[in-house]
Amino acid sequence: MGSLNIENVKKAFGPVEVLKGINLEVTDGEFVVFVGPSGCGKSTLLRVIAGLEDSTSGRVVIDGADVSATPPAKRGIAMVFQTYALYPHLTVKNNMGLGLKQAGTPAAEIDRRIGIASSMLSLEPYLARRPAELSGGQRQRVAIGRAVVREPKLFLFDEPLSNLDAALRVNTRLEIAQLHRRLRATMIYVTHDQVEAMTLADKIVVLNAGKIEQIGGPMELYNAPANEFVAGFIGSPKMNFVDGARLGETAKTIGVRPEHLTVDAKSGAWKGTVVHAEHLGADTNLYLDCEKAGLITVRIFGVYNAEPGATLYATPDPAKTYRFGADGKVLK
Ligand SMILES: Nc1ncnc2c1ncn2[C@@H]1O[C@H](COP(=O)(O)OP(=O)(O)OP(=O)(O)O)[C@@H](O)[C@H]1O
């Protein structure tokens, strides 16, 4: 079991309130990702769940029990950090087993758990090595393995992939997804990375300045953002926002994603000039300076050749255009 309830959690550092009343329900086995701009409180919330920070008020409930006053080691959680925090003088096997040994777990049981975890994470060939003899990706897998052997109720990940290069990030992301599927454990994961959030999460929590803006599945947030902030945060390249008044609209802002615009050389809704074309291989990002809409991004599937200075017309798909009011909320 590993359900979590966060009830009106507030956290202040001196006069600064960093978490402003967070309410969140996580069911057993869910993979929940916290995203939001730098400084919005993601890590602080994770640390409050772990017990590494005390909340100023509110409750953290794990499997129905209020753990707000319970020390971290007794909460049944395991945390994986950005920096692996492995002991350099211990082998991989001993790094993974140390916590269990200190807790008095019998040696045979420690070996059994290390066997399962190292097989899941393809660490068997490295068990006798020391951290200095491993790559960054392997070290992070050991750090994850050390969490797995503890059989925690909750796994907490604080940007675990951010020290890895692009290719390793993809591999390790896949491993974390598979681990979640095999263990069916509850996982809470903080990241800056859109792709990690979209691909790993059952549920994404979008935080902004200490408050939750929206909670939902990746596609729900992408297709039905509640407000301009979430619409602009989820999706890459970012949604285009155009001043409604410039388009003769009553809405304060009109939003359209780069992939929901088409271009034509002869006619269309917004006449513009090509500023730059980015060729990504599988698709092309076109930057157009439009008379009505200002600078917009259009994402075109495949290769699209456009010379800077050329005239093109962009047309938004009306079924995929969002209207936002003065308060930033989506207008129905
Ligand atoms: N121990 C502390 N003392 C004072 N202020 C702190 C402390 N820890 C965090 N803060 C502040 O709280 C705010 C939230 O920090 P937090 O690390 O939770 O943000 P974050 O969303 O995880 O950011 P990032 O994505 O940059 O890691 C920041 O303004 C930070 O400066």
# chains A, B, ... in the order shown; residues from 1 in each chain; ligands from 1
>>> select_by_dssp(residues="range 26-72 of chain A", states="strand (DSSP E or B)", output="PDB file with C-alpha atoms, in the first residue's frame")
ATOM      1  CA  VAL A  26      -2.368  10.245  -4.497  1.00  0.00           C
ATOM      2  CA  PHE A  31       2.917   7.898 -10.666  1.00  0.00           C
ATOM      3  CA  VAL A  32       2.562  11.591  -9.887  1.00  0.00           C
ATOM      4  CA  VAL A  33       4.861  14.255 -11.334  1.00  0.00           C
ATOM      5  CA  PHE A  34       5.310  17.769  -9.910  1.00  0.00           C
ATOM      6  CA  VAL A  35       6.206  20.396 -12.508  1.00  0.00           C
ATOM      7  CA  SER A  57       0.654  23.884   8.996  1.00  0.00           C
ATOM      8  CA  GLY A  58      -1.439  21.137   7.415  1.00  0.00           C
ATOM      9  CA  ARG A  59      -1.120  17.347   7.407  1.00  0.00           C
ATOM     10  CA  VAL A  60       0.745  14.663   5.479  1.00  0.00           C
ATOM     11  CA  VAL A  61      -1.136  11.358   5.614  1.00  0.00           C
ATOM     12  CA  ILE A  62       0.385   8.096   4.357  1.00  0.00           C
ATOM     13  CA  ALA A  65      -1.922   7.661   9.188  1.00  0.00           C
ATOM     14  CA  ASP A  66      -0.915  11.257   9.926  1.00  0.00           C
TER      15      ASP A  66
END
>>> residues_around(residues="Ala293 in chain A", least_positions_apart="3", cutoff="8 Å", atoms="only C-alpha atoms", output="ChimeraX atom specification")
/A:242-243,246-247,270,289-290,296
>>> write_last_selection(atoms="N, CA and C atoms", output="PDB file, in the first residue's frame")
ATOM      1  N   VAL A 242      -2.008  35.234 -28.364  1.00  0.00           N
ATOM      2  CA  VAL A 242      -2.206  36.437 -29.164  1.00  0.00           C
ATOM      3  C   VAL A 242      -3.231  37.317 -28.459  1.00  0.00           C
ATOM      4  N   ASP A 243      -2.937  38.597 -28.428  1.00  0.00           N
ATOM      5  CA  ASP A 243      -3.838  39.578 -27.819  1.00  0.00           C
ATOM      6  C   ASP A 243      -5.193  39.524 -28.550  1.00  0.00           C
ATOM      7  N   ARG A 246      -6.360  42.475 -30.783  1.00  0.00           N
ATOM      8  CA  ARG A 246      -5.713  42.610 -32.099  1.00  0.00           C
ATOM      9  C   ARG A 246      -6.400  41.758 -33.158  1.00  0.00           C
ATOM     10  N   LEU A 247      -7.086  40.710 -32.681  1.00  0.00           N
ATOM     11  CA  LEU A 247      -7.786  39.824 -33.625  1.00  0.00           C
ATOM     12  C   LEU A 247      -9.274  40.149 -33.693  1.00  0.00           C
ATOM     13  N   TRP A 270      -3.676  34.684 -40.974  1.00  0.00           N
ATOM     14  CA  TRP A 270      -2.694  35.658 -40.487  1.00  0.00           C
ATOM     15  C   TRP A 270      -1.532  35.767 -41.474  1.00  0.00           C
ATOM     16  N   ASP A 289       6.511  36.398 -38.217  1.00  0.00           N
ATOM     17  CA  ASP A 289       6.086  37.675 -37.632  1.00  0.00           C
ATOM     18  C   ASP A 289       4.820  38.083 -38.376  1.00  0.00           C
ATOM     19  N   CYS A 290       3.671  37.987 -37.704  1.00  0.00           N
ATOM     20  CA  CYS A 290       2.384  38.182 -38.382  1.00  0.00           C
ATOM     21  C   CYS A 290       1.843  39.585 -38.110  1.00  0.00           C
ATOM     22  N   ILE A 296       4.820  34.399 -33.964  1.00  0.00           N
ATOM     23  CA  ILE A 296       4.250  33.093 -33.591  1.00  0.00           C
ATOM     24  C   ILE A 296       5.170  31.958 -34.054  1.00  0.00           C
TER      25      ILE A 296
END
>>> residues_near_ligand(ligand="ligand 1", cutoff="9 Å", atoms="only C-alpha atoms and all ligand atoms", output="PyMOL selection string")
chain A and resi 11-14+16-19+34-47+53+158-159+190-192+207-210
>>> residues_around(residues="Arg182 in chain A", least_positions_apart="5", cutoff="10 Å", atoms="only C-alpha atoms", output="PyMOL selection string")
chain A and resi 120+176-177
>>> residues_around(residues="range 279-281 of chain A", least_positions_apart="3", cutoff="9 Å", atoms="only C-alpha atoms", output="ChimeraX atom specification")
/A:284-286,302-305
>>> atom_distance(atom1="CA of Tyr313 in chain A", atom2="CA of Thr262 in chain A")
8.2 Å
>>> select_by_dssp(residues="range 39-284 of chain A", states="alpha helix (DSSP H)", output="number ranges by chain")
A: 42-50, 92-102, 107-120, 136-148, 166-183, 194-200, 218-223, 228-233
>>> residues_around(residues="Pro258 in chain A", least_positions_apart="5", cutoff="8 Å", atoms="only C-alpha atoms", output="number ranges by chain")
A: 237-240, 296-299
>>> atom_distance(atom1="CA of Glu249 in chain A", atom2="CA of Lys320 in chain A")
15.8 Å
>>> closest_residue(among="A:Glu278, A:Ile49, A:Asn227, A:Leu312", to="Val263 in chain A", atoms="only C-alpha atoms")
A:Leu312
>>> residues_around(residues="His276 in chain A", least_positions_apart="6", cutoff="8 Å", atoms="only C-alpha atoms", output="list in words")
Leu286, Tyr287, Leu288, Ala306, Glu307 and Pro308 of chain A
>>> residues_around(residues="Thr91 in chain A", least_positions_apart="5", cutoff="10 Å", atoms="only C-alpha atoms", output="list of chain:residue names")
A:Leu86, A:Met96, A:Gly97, A:Tyr126, A:Leu127, A:Ala128, A:Arg129, A:Arg130, A:Pro131, A:Ala132, A:Glu133
>>> closest_residue(among="A:Pro218, A:Gly137, A:Gly309, A:Gly272", to="Arg169 in chain A", atoms="only C-alpha atoms")
A:Gly137
